[in-house]
Amino acid sequence: MQQKNAFNQFQKFLKETDGEFHILEKQISVDTQLEYFKFSDRLRKTVPSEGGFDLDRYMNDLKNPESTKEYKQEILSTLAISKEVKSYRVLEEYVKQPDPELTDWAYMALMESRITLETELSDEKQIYISTGLGGKGQKLRFFLLLLSSTEEPFLDYQRQVIEREFEYALSKLDCEIERLTIKEQYVEIVLLMPIRLDIKKTIEDIIQECNQYGNFLSPVFTVTNMKELDEQEIEKILHSHIQNLIED
């Protein structure tokens with residue numbers, strides 16, 4: 001399993017942390033998220049969080065097609081760090097019909113604004129979790145790649161076992177399978193999983209259950225919440241796996 005240490009640290013953090021979790025539901029690239037947070041951090045050092053700006057002018061400038069992308073990014077981020085409900089409402093309206101190139105930035109700003117307000121209004125610690133694949137409610141989205149334990153394609157009964165066992169086990173754990181695709185020698189699964197659930201142990205247990213019917217799934221798997229692997233990335237992993245089988 002890749003990113004083992006990172007996932008272990010993440011699970012340890014979740015178990016030891018009390019507070020209200022907020023999950024970024026929209027799928028936004030990690031690069032865009034990092035760019036947004038760096039910009040927001042710089043802005044906090046120069047812009048007062050207690051308003052001090054002309055909200056009406058900002059609203060008009062957001063609607064103005066002559067306003068540059070960079071200027072609108074600054075407006076959105078300034079509204080996000082403001083501790084005013086009116087600023088949140090402006091962001092809420094803008095997100096409904098944003099400039100196409102600012103869709104992700106606007107969503108990030110709205111999320112930051114909501115957490116800023118809730119931190120002000122609540123005594124409970126507010127914790128923000130963002131990944132490339134996003135999530136829904138209190139669940140994170142993961143991409144899972146399973147490999148055949150042999151060089152041969154999956155047989156029909158093995159495909160049926162994979163579908164049955166994963167759907168049954170994951171539904172019992174309040175997980176949601178959004179996509180399960182079985183190719184000749186590998187399986188792709190996109191699923192939503194409760195944030196406190198141990199994903200490593202969960203997948204290992206299901207693989208073990210499947211392998212009671214013939215030991216056809218490799219115990220080595222790939223899981224990520226950064227992005228879905230593309231065909232080229234999967235083929236590279238599969239090729240390396242098959243080479244290891246041949247050498248063994």
# chains A, B, ... in the order shown; residues from 1 in each chain; ligands from 1

call {"tool": "select_by_dssp", "arguments": {"residues": "segment 7-244 of chain A", "states": "helix (DSSP H, G or I)", "output": "MDAnalysis selection string"}}
result
chainID A and resid 7:16 30:44 55:63 69:81 85:96 100:121 156:172 199:213 231:244

call {"tool": "write_last_selection", "arguments": {"atoms": "C-alpha atoms", "output": "compact mmCIF listing (two decimals), in the first residue's frame"}}
result
# COMPACT_ATOMS: atom_id res chain seq x y z
CA PHE A 7 -2.31 7.37 6.19
CA ASN A 8 -1.21 6.02 9.58
CA GLN A 9 -0.43 9.54 10.78
CA PHE A 10 -3.73 10.80 9.39
CA GLN A 11 -5.73 8.06 11.18
CA LYS A 12 -3.83 8.77 14.42
CA PHE A 13 -4.64 12.47 14.11
CA LEU A 14 -8.36 11.77 13.61
CA LYS A 15 -8.55 9.43 16.60
CA GLU A 16 -6.81 11.87 18.93
CA VAL A 30 -3.99 19.96 -4.75
CA ASP A 31 -1.97 22.59 -6.64
CA THR A 32 -4.97 24.94 -6.71
CA GLN A 33 -5.61 24.36 -3.02
CA LEU A 34 -2.00 25.11 -2.11
CA GLU A 35 -2.06 28.25 -4.25
CA TYR A 36 -5.24 29.41 -2.51
CA PHE A 37 -3.98 28.80 1.02
CA LYS A 38 -0.62 30.49 0.37
CA PHE A 39 -2.45 33.51 -1.05
CA SER A 40 -4.86 33.55 1.89
CA ASP A 41 -2.01 33.39 4.43
CA ARG A 42 -0.24 36.35 2.78
CA LEU A 43 -3.50 38.31 2.69
CA ARG A 44 -4.17 37.80 6.41
CA LEU A 55 -18.67 45.53 0.32
CA ASP A 56 -20.91 47.13 -2.30
CA ARG A 57 -17.91 48.01 -4.44
CA TYR A 58 -16.59 44.45 -4.13
CA MET A 59 -19.95 43.08 -5.22
CA ASN A 60 -19.98 45.34 -8.29
CA ASP A 61 -16.36 44.52 -9.13
CA LEU A 62 -17.09 40.79 -9.02
CA LYS A 63 -19.82 41.31 -11.60
CA LYS A 69 -8.95 37.37 -12.62
CA GLU A 70 -6.23 38.29 -10.11
CA TYR A 71 -8.29 41.17 -8.70
CA LYS A 72 -11.35 38.95 -8.30
CA GLN A 73 -9.22 36.33 -6.55
CA GLU A 74 -8.13 39.00 -4.08
CA ILE A 75 -11.74 40.08 -3.50
CA LEU A 76 -12.91 36.50 -2.89
CA SER A 77 -10.07 35.77 -0.48
CA THR A 78 -10.58 39.06 1.36
CA LEU A 79 -14.27 38.24 1.84
CA ALA A 80 -13.29 34.75 3.02
CA ILE A 81 -11.14 35.96 5.91
CA VAL A 85 -21.99 37.29 7.69
CA LYS A 86 -22.61 39.71 4.82
CA SER A 87 -19.30 38.69 3.23
CA TYR A 88 -20.30 35.03 3.47
CA ARG A 89 -23.62 35.78 1.75
CA VAL A 90 -21.81 37.52 -1.12
CA LEU A 91 -19.56 34.49 -1.58
CA GLU A 92 -22.57 32.19 -1.36
CA GLU A 93 -24.27 34.04 -4.21
CA TYR A 94 -21.14 34.27 -6.33
CA VAL A 95 -20.48 30.52 -6.10
CA LYS A 96 -23.84 29.88 -7.73
CA PRO A 100 -15.60 29.79 -15.05
CA GLU A 101 -11.90 30.29 -14.34
CA LEU A 102 -12.66 31.15 -10.70
CA THR A 103 -15.03 28.30 -9.86
CA ASP A 104 -12.57 26.41 -7.64
CA TRP A 105 -11.16 29.55 -6.05
CA ALA A 106 -14.66 30.78 -5.17
CA TYR A 107 -15.58 27.43 -3.62
CA MET A 108 -12.42 27.48 -1.49
CA ALA A 109 -13.22 31.02 -0.38
CA LEU A 110 -16.76 30.05 0.61
CA MET A 111 -15.47 27.10 2.63
CA GLU A 112 -12.89 29.26 4.42
CA SER A 113 -15.52 31.92 5.16
CA ARG A 114 -17.88 29.37 6.69
CA ILE A 115 -15.18 27.95 8.95
CA THR A 116 -14.04 31.44 9.96
CA LEU A 117 -17.58 32.36 10.99
CA GLU A 118 -18.23 29.09 12.82
CA THR A 119 -14.95 29.49 14.71
CA GLU A 120 -16.12 32.91 15.87
CA LEU A 121 -19.59 31.75 16.85
CA ASP A 156 -15.99 -14.69 -14.20
CA TYR A 157 -16.55 -16.12 -10.72
CA GLN A 158 -13.67 -14.02 -9.36
CA ARG A 159 -15.27 -10.87 -10.76
CA GLN A 160 -18.53 -11.81 -9.04
CA VAL A 161 -16.72 -12.40 -5.74
CA ILE A 162 -14.99 -9.00 -5.94
CA GLU A 163 -18.25 -7.17 -6.60
CA ARG A 164 -20.17 -9.08 -3.94
CA GLU A 165 -17.59 -8.90 -1.14
CA PHE A 166 -16.65 -5.24 -1.60
CA GLU A 167 -20.24 -4.04 -1.94
CA TYR A 168 -21.35 -6.06 1.10
CA ALA A 169 -18.45 -5.22 3.43
CA LEU A 170 -18.24 -1.53 2.54
CA SER A 171 -21.99 -0.94 2.86
CA LYS A 172 -21.87 -2.44 6.39
CA ILE A 199 -8.96 2.33 5.35
CA LYS A 200 -5.84 0.14 5.33
CA LYS A 201 -7.29 -2.52 7.64
CA THR A 202 -10.68 -2.32 5.94
CA ILE A 203 -9.30 -3.07 2.47
CA GLU A 204 -6.93 -5.75 3.76
CA ASP A 205 -9.83 -7.55 5.47
CA ILE A 206 -11.97 -7.50 2.31
CA ILE A 207 -9.10 -8.76 0.14
CA GLN A 208 -8.55 -11.58 2.63
CA GLU A 209 -12.25 -12.46 2.46
CA CYS A 210 -12.15 -12.51 -1.37
CA ASN A 211 -9.07 -14.72 -1.36
CA GLN A 212 -10.88 -17.44 0.53
CA TYR A 213 -12.32 -18.25 -2.89
CA GLU A 231 -4.56 4.70 -17.53
CA GLN A 232 -0.86 5.35 -18.05
CA GLU A 233 -0.17 5.44 -14.29
CA ILE A 234 -2.14 2.23 -13.76
CA GLU A 235 -0.35 0.45 -16.60
CA LYS A 236 3.00 1.41 -15.07
CA ILE A 237 1.99 -0.04 -11.69
CA LEU A 238 0.57 -3.16 -13.35
CA HIS A 239 3.70 -3.69 -15.45
CA SER A 240 5.91 -3.44 -12.36
CA HIS A 241 3.65 -5.88 -10.51
CA ILE A 242 3.74 -8.45 -13.34
CA GLN A 243 7.54 -8.17 -13.58
CA ASN A 244 7.79 -8.95 -9.89

call {"tool": "select_by_dssp", "arguments": {"residues": "segment 171-209 of chain A", "states": "strand (DSSP E)", "output": "PyMOL selection string"}}
result
chain A and resi 176-182+186-194

call {"tool": "write_last_selection", "arguments": {"atoms": "N, CA and C atoms", "output": "mmCIF file, in the first residue's frame"}}
result
data_model
loop_
_atom_site.group_PDB
_atom_site.id
_atom_site.type_symbol
_atom_site.label_atom_id
_atom_site.label_comp_id
_atom_site.auth_asym_id
_atom_site.auth_seq_id
_atom_site.Cartn_x
_atom_site.Cartn_y
_atom_site.Cartn_z
ATOM 1 N N GLU A 176 -19.643 4.281 0.715
ATOM 2 C CA GLU A 176 -20.421 4.350 -0.522
ATOM 3 C C GLU A 176 -19.504 4.129 -1.719
ATOM 4 N N ILE A 177 -19.807 3.111 -2.527
ATOM 5 C CA ILE A 177 -19.046 2.884 -3.748
ATOM 6 C C ILE A 177 -19.654 3.740 -4.860
ATOM 7 N N GLU A 178 -18.851 4.641 -5.395
ATOM 8 C CA GLU A 178 -19.319 5.484 -6.497
ATOM 9 C C GLU A 178 -19.009 4.843 -7.852
ATOM 10 N N ARG A 179 -17.941 4.076 -7.890
ATOM 11 C CA ARG A 179 -17.588 3.373 -9.133
ATOM 12 C C ARG A 179 -16.749 2.156 -8.812
ATOM 13 N N LEU A 180 -17.089 1.031 -9.407
ATOM 14 C CA LEU A 180 -16.299 -0.193 -9.275
ATOM 15 C C LEU A 180 -16.127 -0.767 -10.679
ATOM 16 N N THR A 181 -14.901 -0.738 -11.190
ATOM 17 C CA THR A 181 -14.619 -1.178 -12.550
ATOM 18 C C THR A 181 -13.601 -2.310 -12.523
ATOM 19 N N ILE A 182 -13.978 -3.461 -13.072
ATOM 20 C CA ILE A 182 -13.081 -4.615 -13.095
ATOM 21 C C ILE A 182 -12.527 -4.795 -14.500
ATOM 22 N N TYR A 186 -6.870 -5.928 -13.115
ATOM 23 C CA TYR A 186 -6.924 -5.004 -11.997
ATOM 24 C C TYR A 186 -8.348 -4.478 -11.795
ATOM 25 N N VAL A 187 -8.538 -3.865 -10.639
ATOM 26 C CA VAL A 187 -9.852 -3.335 -10.257
ATOM 27 C C VAL A 187 -9.681 -1.886 -9.804
ATOM 28 N N GLU A 188 -10.536 -1.007 -10.295
ATOM 29 C CA GLU A 188 -10.565 0.386 -9.847
ATOM 30 C C GLU A 188 -11.837 0.606 -9.023
ATOM 31 N N ILE A 189 -11.666 1.226 -7.858
ATOM 32 C CA ILE A 189 -12.825 1.549 -7.024
ATOM 33 C C ILE A 189 -12.708 2.994 -6.554
ATOM 34 N N VAL A 190 -13.766 3.756 -6.731
ATOM 35 C CA VAL A 190 -13.862 5.100 -6.159
ATOM 36 C C VAL A 190 -14.933 5.026 -5.088
ATOM 37 N N LEU A 191 -14.579 5.356 -3.862
ATOM 38 C CA LEU A 191 -15.527 5.194 -2.764
ATOM 39 C C LEU A 191 -15.442 6.341 -1.768
ATOM 40 N N LEU A 192 -16.540 6.533 -1.061
ATOM 41 C CA LEU A 192 -16.609 7.481 0.041
ATOM 42 C C LEU A 192 -16.539 6.693 1.336
ATOM 43 N N MET A 193 -15.669 7.137 2.241
ATOM 44 C CA MET A 193 -15.430 6.386 3.472
ATOM 45 C C MET A 193 -15.446 7.331 4.671
ATOM 46 N N PRO A 194 -16.120 6.963 5.776
ATOM 47 C CA PRO A 194 -16.110 7.796 6.980
ATOM 48 C C PRO A 194 -14.686 8.138 7.404
#

call {"tool": "atom_distance", "arguments": {"atom1": "atom CA of Lys183 of chain A", "atom2": "atom CA of Val220 of chain A"}}
result
16.9 Å

call {"tool": "atom_distance", "arguments": {"atom1": "atom CA of Glu124 of chain A", "atom2": "atom CA of His22 of chain A"}}
result
12.4 Å

call {"tool": "closest_residue", "arguments": {"among": "A:Gly135, A:Lys227, A:Asp99, A:Gln185", "to": "Glu66 of chain A", "atoms": "only C-alpha atoms"}}
result
A:Asp99

call {"tool": "residues_around", "arguments": {"residues": "Lys136 of chain A", "least_positions_apart": "2", "cutoff": "9 Å", "atoms": "only C-alpha atoms", "output": "list in words"}}
result
Ile23, Leu24, Glu25, Lys26, Gly134, Gln138, Lys139, Leu140, Arg141 and Leu192 of chain A
